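With compact mmCIF, N, CA and C atoms inside, this is upload-v6.txt:
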```txt
# COMPACT_ATOMS: atom_id res chain seq x y z
N MET A 1 89.95 -42.56 18.89
CA MET A 1 89.66 -41.82 17.69
C MET A 1 88.97 -42.70 16.64
N GLU A 2 89.40 -43.93 16.59
CA GLU A 2 88.79 -44.86 15.65
C GLU A 2 87.34 -45.12 16.02
N ARG A 3 87.06 -45.15 17.33
CA ARG A 3 85.69 -45.37 17.76
C ARG A 3 84.77 -44.25 17.29
N ARG A 4 85.25 -43.03 17.36
CA ARG A 4 84.44 -41.89 16.91
C ARG A 4 84.14 -42.00 15.43
N LYS A 5 85.11 -42.40 14.63
CA LYS A 5 84.90 -42.55 13.20
C LYS A 5 83.87 -43.63 12.94
N GLU A 6 83.98 -44.74 13.68
CA GLU A 6 83.04 -45.83 13.51
C GLU A 6 81.63 -45.39 13.91
N CYS A 7 81.56 -44.63 14.99
CA CYS A 7 80.28 -44.12 15.46
C CYS A 7 79.65 -43.21 14.43
N ASN A 8 80.47 -42.33 13.87
CA ASN A 8 79.97 -41.40 12.86
C ASN A 8 79.50 -42.15 11.62
N LYS A 9 80.25 -43.17 11.22
CA LYS A 9 79.87 -43.95 10.04
C LYS A 9 78.57 -44.70 10.28
N ALA A 10 78.40 -45.20 11.49
CA ALA A 10 77.18 -45.96 11.81
C ALA A 10 75.95 -45.05 11.82
N SER A 11 76.12 -43.82 12.23
CA SER A 11 74.97 -42.91 12.29
C SER A 11 74.63 -42.30 10.93
N GLU A 12 75.57 -42.28 10.01
CA GLU A 12 75.32 -41.70 8.68
C GLU A 12 74.20 -42.42 7.92
N PRO A 13 74.20 -43.75 7.83
CA PRO A 13 73.10 -44.41 7.13
C PRO A 13 71.76 -44.16 7.82
N GLN A 14 71.76 -44.08 9.14
CA GLN A 14 70.53 -43.81 9.87
C GLN A 14 70.00 -42.43 9.51
N LEU A 15 70.90 -41.44 9.42
CA LEU A 15 70.49 -40.10 9.03
C LEU A 15 69.95 -40.08 7.61
N GLU A 16 70.61 -40.84 6.72
CA GLU A 16 70.14 -40.90 5.34
C GLU A 16 68.74 -41.51 5.27
N ARG A 17 68.50 -42.60 6.02
CA ARG A 17 67.19 -43.24 6.02
C ARG A 17 66.12 -42.28 6.53
N ASN A 18 66.40 -41.57 7.61
CA ASN A 18 65.43 -40.62 8.15
C ASN A 18 65.14 -39.51 7.14
N HIS A 19 66.21 -39.04 6.47
CA HIS A 19 66.04 -37.99 5.47
C HIS A 19 65.18 -38.49 4.31
N ILE A 20 65.40 -39.70 3.84
CA ILE A 20 64.63 -40.28 2.75
C ILE A 20 63.18 -40.47 3.18
N GLU A 21 62.95 -40.94 4.41
CA GLU A 21 61.59 -41.11 4.91
C GLU A 21 60.86 -39.78 4.97
N ASP A 22 61.58 -38.70 5.36
CA ASP A 22 60.97 -37.37 5.39
C ASP A 22 60.57 -36.94 3.98
N LEU A 23 61.44 -37.20 3.01
CA LEU A 23 61.13 -36.83 1.62
C LEU A 23 59.96 -37.65 1.08
N SER A 24 59.90 -38.93 1.46
CA SER A 24 58.81 -39.77 0.93
C SER A 24 57.47 -39.34 1.49
N SER A 25 57.44 -38.69 2.64
CA SER A 25 56.17 -38.23 3.19
C SER A 25 55.67 -36.97 2.49
N VAL A 26 56.56 -36.29 1.76
CA VAL A 26 56.14 -35.10 1.02
C VAL A 26 55.33 -35.53 -0.21
N PHE A 27 55.80 -36.53 -0.93
CA PHE A 27 55.10 -37.04 -2.10
C PHE A 27 54.51 -38.40 -1.77
N LEU A 28 53.21 -38.54 -2.03
CA LEU A 28 52.50 -39.77 -1.72
C LEU A 28 52.11 -40.49 -3.00
N ASN A 29 52.07 -41.82 -2.95
CA ASN A 29 51.63 -42.56 -4.12
C ASN A 29 50.11 -42.74 -4.09
N VAL A 30 49.57 -43.43 -5.06
CA VAL A 30 48.11 -43.56 -5.20
C VAL A 30 47.51 -44.26 -3.98
N GLN A 31 48.13 -45.34 -3.51
CA GLN A 31 47.60 -46.07 -2.37
C GLN A 31 47.61 -45.20 -1.11
N GLN A 32 48.68 -44.45 -0.91
CA GLN A 32 48.78 -43.60 0.27
C GLN A 32 47.74 -42.48 0.24
N ILE A 33 47.56 -41.87 -0.93
CA ILE A 33 46.61 -40.76 -1.02
C ILE A 33 45.18 -41.29 -0.92
N ALA A 34 44.92 -42.50 -1.42
CA ALA A 34 43.60 -43.10 -1.30
C ALA A 34 43.28 -43.35 0.18
N LYS A 35 44.25 -43.86 0.89
CA LYS A 35 44.06 -44.09 2.32
C LYS A 35 43.86 -42.77 3.05
N TYR A 36 44.63 -41.75 2.68
CA TYR A 36 44.54 -40.44 3.30
C TYR A 36 43.16 -39.82 3.07
N LEU A 37 42.63 -39.97 1.86
CA LEU A 37 41.33 -39.39 1.51
C LEU A 37 40.17 -40.30 1.91
N GLY A 38 40.47 -41.53 2.25
CA GLY A 38 39.41 -42.47 2.62
C GLY A 38 38.62 -42.97 1.43
N THR A 39 39.30 -43.13 0.30
CA THR A 39 38.65 -43.62 -0.91
C THR A 39 39.39 -44.85 -1.42
N LYS A 40 38.89 -45.41 -2.49
CA LYS A 40 39.55 -46.54 -3.13
C LYS A 40 40.61 -46.01 -4.09
N PRO A 41 41.66 -46.78 -4.33
CA PRO A 41 42.66 -46.36 -5.33
C PRO A 41 42.05 -46.14 -6.71
N SER A 42 41.03 -46.92 -7.07
CA SER A 42 40.39 -46.74 -8.38
C SER A 42 39.76 -45.36 -8.50
N THR A 43 39.22 -44.84 -7.40
CA THR A 43 38.65 -43.49 -7.40
C THR A 43 39.74 -42.46 -7.65
N VAL A 44 40.88 -42.65 -7.02
CA VAL A 44 42.00 -41.72 -7.20
C VAL A 44 42.48 -41.77 -8.65
N TYR A 45 42.58 -42.98 -9.22
CA TYR A 45 43.00 -43.10 -10.62
C TYR A 45 42.01 -42.38 -11.55
N SER A 46 40.72 -42.50 -11.30
CA SER A 46 39.75 -41.81 -12.16
C SER A 46 39.84 -40.30 -12.00
N LEU A 47 40.10 -39.81 -10.78
CA LEU A 47 40.29 -38.37 -10.58
C LEU A 47 41.52 -37.87 -11.33
N VAL A 48 42.58 -38.69 -11.35
CA VAL A 48 43.80 -38.33 -12.08
C VAL A 48 43.51 -38.31 -13.58
N GLU A 49 42.80 -39.32 -14.06
CA GLU A 49 42.49 -39.40 -15.49
C GLU A 49 41.65 -38.21 -15.94
N GLU A 50 40.72 -37.77 -15.10
CA GLU A 50 39.86 -36.64 -15.43
C GLU A 50 40.53 -35.30 -15.12
N LYS A 51 41.75 -35.36 -14.61
CA LYS A 51 42.55 -34.17 -14.25
C LYS A 51 41.81 -33.28 -13.25
N LYS A 52 41.18 -33.94 -12.27
CA LYS A 52 40.44 -33.20 -11.25
C LYS A 52 41.25 -33.02 -9.98
N ILE A 53 42.28 -33.82 -9.78
CA ILE A 53 43.09 -33.76 -8.57
C ILE A 53 44.52 -33.40 -8.97
N PRO A 54 45.18 -32.50 -8.22
CA PRO A 54 46.56 -32.13 -8.58
C PRO A 54 47.51 -33.30 -8.36
N HIS A 55 48.32 -33.58 -9.35
CA HIS A 55 49.25 -34.71 -9.26
C HIS A 55 50.49 -34.45 -10.11
N TYR A 56 51.48 -35.30 -9.91
CA TYR A 56 52.73 -35.25 -10.66
C TYR A 56 52.91 -36.61 -11.32
N ARG A 57 53.40 -36.60 -12.55
CA ARG A 57 53.65 -37.84 -13.27
C ARG A 57 55.15 -37.96 -13.51
N ILE A 58 55.69 -39.08 -13.06
CA ILE A 58 57.11 -39.37 -13.28
C ILE A 58 57.12 -40.68 -14.06
N GLY A 59 57.24 -40.57 -15.37
CA GLY A 59 57.10 -41.76 -16.21
C GLY A 59 55.67 -42.25 -16.10
N ARG A 60 55.51 -43.48 -15.61
CA ARG A 60 54.18 -44.04 -15.43
C ARG A 60 53.70 -43.92 -13.99
N GLN A 61 54.56 -43.41 -13.14
CA GLN A 61 54.21 -43.29 -11.73
C GLN A 61 53.47 -41.98 -11.47
N ILE A 62 52.53 -42.04 -10.57
CA ILE A 62 51.74 -40.86 -10.20
C ILE A 62 52.05 -40.54 -8.75
N ARG A 63 52.36 -39.28 -8.50
CA ARG A 63 52.68 -38.86 -7.13
C ARG A 63 51.86 -37.62 -6.80
N PHE A 64 51.61 -37.45 -5.51
CA PHE A 64 50.81 -36.34 -5.01
C PHE A 64 51.57 -35.63 -3.91
N LYS A 65 51.48 -34.32 -3.91
CA LYS A 65 52.03 -33.54 -2.81
C LYS A 65 50.88 -33.32 -1.82
N LYS A 66 51.11 -33.69 -0.58
CA LYS A 66 50.07 -33.64 0.43
C LYS A 66 49.48 -32.23 0.56
N SER A 67 50.32 -31.23 0.51
CA SER A 67 49.84 -29.85 0.64
C SER A 67 48.93 -29.47 -0.52
N ASP A 68 49.26 -29.93 -1.74
CA ASP A 68 48.40 -29.66 -2.90
C ASP A 68 47.04 -30.33 -2.75
N VAL A 69 47.05 -31.56 -2.27
CA VAL A 69 45.80 -32.31 -2.10
C VAL A 69 44.95 -31.67 -1.00
N ASP A 70 45.59 -31.21 0.08
CA ASP A 70 44.85 -30.54 1.15
C ASP A 70 44.18 -29.27 0.62
N GLU A 71 44.91 -28.52 -0.18
CA GLU A 71 44.37 -27.29 -0.78
C GLU A 71 43.21 -27.62 -1.72
N TRP A 72 43.36 -28.67 -2.52
CA TRP A 72 42.32 -29.10 -3.45
C TRP A 72 41.08 -29.53 -2.68
N MET A 73 41.26 -30.24 -1.58
CA MET A 73 40.13 -30.69 -0.77
C MET A 73 39.34 -29.50 -0.22
N GLU A 74 40.02 -28.45 0.18
CA GLU A 74 39.33 -27.26 0.68
C GLU A 74 38.43 -26.65 -0.38
N LYS A 75 38.87 -26.72 -1.63
CA LYS A 75 38.05 -26.18 -2.73
C LYS A 75 36.84 -27.06 -3.02
N GLN A 76 36.89 -28.35 -2.63
CA GLN A 76 35.79 -29.27 -2.87
C GLN A 76 34.68 -29.13 -1.84
N ARG A 77 34.91 -28.35 -0.84
CA ARG A 77 33.96 -28.21 0.26
C ARG A 77 32.64 -27.60 -0.22
N GLU A 78 31.54 -28.19 0.22
CA GLU A 78 30.21 -27.68 -0.12
C GLU A 78 29.50 -27.32 1.17
N GLU A 79 28.84 -26.19 1.14
CA GLU A 79 28.10 -25.74 2.31
C GLU A 79 26.82 -26.56 2.47
N VAL A 80 26.47 -26.84 3.69
CA VAL A 80 25.24 -27.58 3.99
C VAL A 80 24.10 -26.56 4.05
N VAL A 81 23.02 -26.86 3.33
CA VAL A 81 21.88 -25.95 3.27
C VAL A 81 20.66 -26.68 3.84
N ASP A 82 19.95 -26.03 4.75
CA ASP A 82 18.71 -26.58 5.27
C ASP A 82 17.64 -26.31 4.23
N VAL A 83 17.11 -27.37 3.64
CA VAL A 83 16.18 -27.25 2.51
C VAL A 83 14.91 -26.49 2.91
N LYS A 84 14.38 -26.77 4.07
CA LYS A 84 13.14 -26.11 4.49
C LYS A 84 13.33 -24.61 4.63
N VAL A 85 14.43 -24.20 5.23
CA VAL A 85 14.71 -22.77 5.40
C VAL A 85 14.92 -22.11 4.04
N GLU A 86 15.66 -22.79 3.15
CA GLU A 86 15.92 -22.23 1.82
C GLU A 86 14.63 -22.13 1.01
N ASP A 87 13.75 -23.14 1.12
CA ASP A 87 12.45 -23.09 0.42
C ASP A 87 11.63 -21.89 0.88
N ARG A 88 11.54 -21.70 2.18
CA ARG A 88 10.77 -20.56 2.70
C ARG A 88 11.35 -19.24 2.22
N ARG A 89 12.67 -19.16 2.17
CA ARG A 89 13.30 -17.92 1.73
C ARG A 89 12.98 -17.64 0.26
N VAL A 90 13.08 -18.65 -0.58
CA VAL A 90 12.82 -18.48 -2.01
C VAL A 90 11.36 -18.16 -2.26
N ILE A 91 10.45 -18.91 -1.64
CA ILE A 91 9.02 -18.68 -1.83
C ILE A 91 8.63 -17.29 -1.33
N GLY A 92 9.17 -16.90 -0.19
CA GLY A 92 8.88 -15.56 0.34
C GLY A 92 9.34 -14.46 -0.59
N SER A 93 10.52 -14.63 -1.19
CA SER A 93 11.01 -13.59 -2.11
C SER A 93 10.18 -13.56 -3.39
N LEU A 94 9.67 -14.72 -3.84
CA LEU A 94 8.83 -14.76 -5.03
C LEU A 94 7.47 -14.11 -4.77
N GLN A 95 6.91 -14.35 -3.61
CA GLN A 95 5.61 -13.78 -3.28
C GLN A 95 5.70 -12.26 -3.17
N LYS A 96 6.79 -11.75 -2.68
CA LYS A 96 6.96 -10.30 -2.57
C LYS A 96 7.04 -9.65 -3.94
N ARG A 97 7.60 -10.38 -4.90
CA ARG A 97 7.81 -9.80 -6.22
C ARG A 97 6.75 -10.22 -7.22
N SER A 98 5.65 -10.86 -6.80
CA SER A 98 4.66 -11.35 -7.76
C SER A 98 4.03 -10.18 -8.50
N ASP A 99 3.93 -10.33 -9.78
CA ASP A 99 3.41 -9.29 -10.66
C ASP A 99 2.37 -9.94 -11.56
N PRO A 100 1.18 -9.34 -11.71
CA PRO A 100 0.14 -9.96 -12.55
C PRO A 100 0.59 -10.16 -14.00
N ARG A 101 1.47 -9.29 -14.48
CA ARG A 101 1.95 -9.45 -15.85
C ARG A 101 2.78 -10.73 -16.00
N ILE A 102 3.56 -11.04 -14.97
CA ILE A 102 4.37 -12.26 -15.01
C ILE A 102 3.46 -13.48 -15.03
N LYS A 103 2.39 -13.44 -14.23
CA LYS A 103 1.45 -14.56 -14.20
C LYS A 103 0.81 -14.78 -15.56
N ARG A 104 0.45 -13.69 -16.24
CA ARG A 104 -0.15 -13.80 -17.57
C ARG A 104 0.84 -14.42 -18.56
N VAL A 105 2.08 -13.99 -18.52
CA VAL A 105 3.10 -14.50 -19.43
C VAL A 105 3.33 -15.99 -19.17
N VAL A 106 3.42 -16.36 -17.90
CA VAL A 106 3.64 -17.77 -17.56
C VAL A 106 2.46 -18.61 -18.02
N LYS A 107 1.23 -18.14 -17.80
CA LYS A 107 0.04 -18.87 -18.22
C LYS A 107 0.03 -19.04 -19.74
N LYS A 108 0.38 -17.99 -20.47
CA LYS A 108 0.43 -18.03 -21.93
C LYS A 108 1.45 -19.07 -22.40
N ILE A 109 2.60 -19.10 -21.77
CA ILE A 109 3.65 -20.06 -22.16
C ILE A 109 3.20 -21.48 -21.88
N ILE A 110 2.54 -21.70 -20.75
CA ILE A 110 2.05 -23.04 -20.41
C ILE A 110 0.98 -23.48 -21.40
N GLU A 111 0.05 -22.58 -21.75
CA GLU A 111 -0.99 -22.92 -22.72
C GLU A 111 -0.40 -23.26 -24.08
N GLU A 112 0.60 -22.50 -24.50
CA GLU A 112 1.26 -22.78 -25.78
C GLU A 112 1.95 -24.13 -25.76
N ALA A 113 2.58 -24.44 -24.64
CA ALA A 113 3.27 -25.72 -24.53
C ALA A 113 2.29 -26.89 -24.56
N LYS A 114 1.13 -26.72 -23.96
CA LYS A 114 0.12 -27.78 -23.94
C LYS A 114 -0.67 -27.81 -25.25
N GLY A 115 -0.61 -26.76 -26.02
CA GLY A 115 -1.36 -26.69 -27.28
C GLY A 115 -2.82 -26.36 -27.06
N GLU A 116 -3.16 -25.74 -25.96
CA GLU A 116 -4.54 -25.43 -25.64
C GLU A 116 -4.92 -24.01 -26.02
N ARG A 117 -4.05 -23.31 -26.61
CA ARG A 117 -4.32 -21.91 -26.94
C ARG A 117 -4.70 -21.82 -28.42
N TYR A 118 -5.68 -21.01 -28.71
CA TYR A 118 -6.13 -20.82 -30.07
C TYR A 118 -5.13 -19.96 -30.83
N THR A 119 -4.68 -20.49 -31.95
CA THR A 119 -3.83 -19.71 -32.85
C THR A 119 -4.32 -19.97 -34.27
N VAL A 120 -4.01 -19.09 -35.16
CA VAL A 120 -4.44 -19.22 -36.55
C VAL A 120 -3.83 -20.47 -37.17
N CYS A 121 -2.58 -20.77 -36.83
CA CYS A 121 -1.89 -21.95 -37.40
C CYS A 121 -2.51 -23.24 -36.90
N ASN A 122 -2.86 -23.31 -35.65
CA ASN A 122 -3.35 -24.55 -35.05
C ASN A 122 -4.85 -24.71 -35.15
N GLY A 123 -5.58 -23.66 -35.40
CA GLY A 123 -7.03 -23.74 -35.42
C GLY A 123 -7.55 -23.76 -34.00
N LYS A 124 -8.76 -24.33 -33.83
CA LYS A 124 -9.35 -24.40 -32.49
C LYS A 124 -8.62 -25.47 -31.68
N PRO A 125 -8.61 -25.33 -30.35
CA PRO A 125 -7.88 -26.28 -29.52
C PRO A 125 -8.37 -27.72 -29.62
N ASN A 126 -9.68 -27.96 -29.80
CA ASN A 126 -10.20 -29.33 -29.82
C ASN A 126 -10.58 -29.79 -31.22
N GLN A 127 -10.09 -29.16 -32.24
CA GLN A 127 -10.45 -29.51 -33.62
C GLN A 127 -9.77 -30.83 -33.99
N ASP A 128 -10.57 -31.75 -34.57
CA ASP A 128 -10.02 -33.04 -35.00
C ASP A 128 -9.27 -32.83 -36.30
N LYS A 129 -8.15 -33.48 -36.38
CA LYS A 129 -7.38 -33.41 -37.61
C LYS A 129 -7.39 -34.79 -38.23
N GLY A 130 -7.36 -34.86 -39.50
CA GLY A 130 -7.35 -36.16 -40.15
C GLY A 130 -7.61 -35.99 -41.62
N LEU A 131 -8.65 -36.68 -42.12
CA LEU A 131 -8.95 -36.66 -43.54
C LEU A 131 -9.76 -35.44 -43.96
N GLY A 132 -10.06 -34.58 -43.01
CA GLY A 132 -10.82 -33.39 -43.34
C GLY A 132 -12.30 -33.58 -43.13
N LYS A 133 -12.71 -34.73 -42.65
CA LYS A 133 -14.12 -34.98 -42.38
C LYS A 133 -14.42 -34.63 -40.94
N GLU A 134 -15.53 -34.00 -40.72
CA GLU A 134 -15.93 -33.64 -39.38
C GLU A 134 -16.55 -34.85 -38.70
N VAL A 135 -16.27 -34.98 -37.45
CA VAL A 135 -16.83 -36.09 -36.66
C VAL A 135 -17.95 -35.52 -35.82
N SER A 136 -19.17 -36.01 -36.01
CA SER A 136 -20.29 -35.48 -35.25
C SER A 136 -20.67 -36.36 -34.09
N HIS A 137 -20.71 -37.67 -34.31
CA HIS A 137 -21.13 -38.55 -33.23
C HIS A 137 -20.17 -39.73 -33.04
N GLY A 138 -18.97 -39.61 -33.46
CA GLY A 138 -17.97 -40.63 -33.23
C GLY A 138 -17.80 -41.60 -34.39
N ALA A 139 -18.61 -41.50 -35.43
CA ALA A 139 -18.47 -42.41 -36.59
C ALA A 139 -18.08 -41.59 -37.80
N LEU A 140 -17.35 -42.21 -38.70
CA LEU A 140 -16.95 -41.53 -39.92
C LEU A 140 -17.99 -41.64 -40.98
```

Structure rendered as structure tokens:
Amino acid sequence: MERRKECNKASEPQLERNHIEDLSSVFLNVQQIAKYLGTKPSTVYSLVEEKKIPHYRIGRQIRFKKSDVDEWMEKQREEVVDVKVEDRRVIGSLQKRSDPRIKRVVKKIIEEAKGERYTVCNGKPNQDKGLGKEVSHGAL
């Protein structure tokens, strides 16, 4: 009977250690999460500072729940786009919708931006501005 008690006592600390190890795998520290994500710890710290990654703060310690980080990573996913195919699609849709009025408006906006359009405020496009003297052959 004493042997059974001793056996049970010896297995209790082992069970406690296994239980603690299971709990520690639920929450990861900065080094563990950096290794898990394949980044540097400094990158993880900057993500925490910018509040971009889900984390828990216990005093000065930062902990992460693996399931939260996995969910966050799924949201970070970006679709790969073939640029050539996307260009053809956009250009094709623009050509189908081309309207001469749009071309006129765009041309007008470009001319205004370059200052090449005649307006009452600006005068002629190539008019010299200065002391008010006209330049005929390059000399004042």

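If you look at atom CA of Ile33 of chain A and atom CA of Gln61 of chain A, they are 13.4 Å away from each other.
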
| Excluding same-chain residues fewer than 6 positions from Arg63 of chain A, what lies within 6.5 Å of it counting all atoms listed in the file, as a PyMOL selection string? | chain A and resi 27-30+54-57

Kindly provide, as AutoDock Vina command-line options, the centre and edge lengths (Å, one decimal) of an axis-aligned box around all atoms of segment 33-46 of chain A given in the file, with 8 Å on each side.
```
--center_x 43.1 --center_y -43.2 --center_z -4.4 --size_x 24.9 --size_y 23.5 --size_z 31.5
```

- [ ] Can you pull out every residue within 12 Å of Lys52 of chain A, counting only C-alpha atoms, but drop anything in the same chain fewer than 2 positions away, and send it as JSON, numbers by chain?
- [x] {"A": [43, 44, 45, 46, 47, 48, 49, 50, 54, 55, 69, 72, 73, 75, 76]}

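As for atom CA of Lys103 of chain A and atom CA of Gly115 of chain A, they are spaced 18.1 Å apart.
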
What separates atom CA of Ile53 of chain A and atom N of Asp70 of chain A is a distance of 9.4 Å
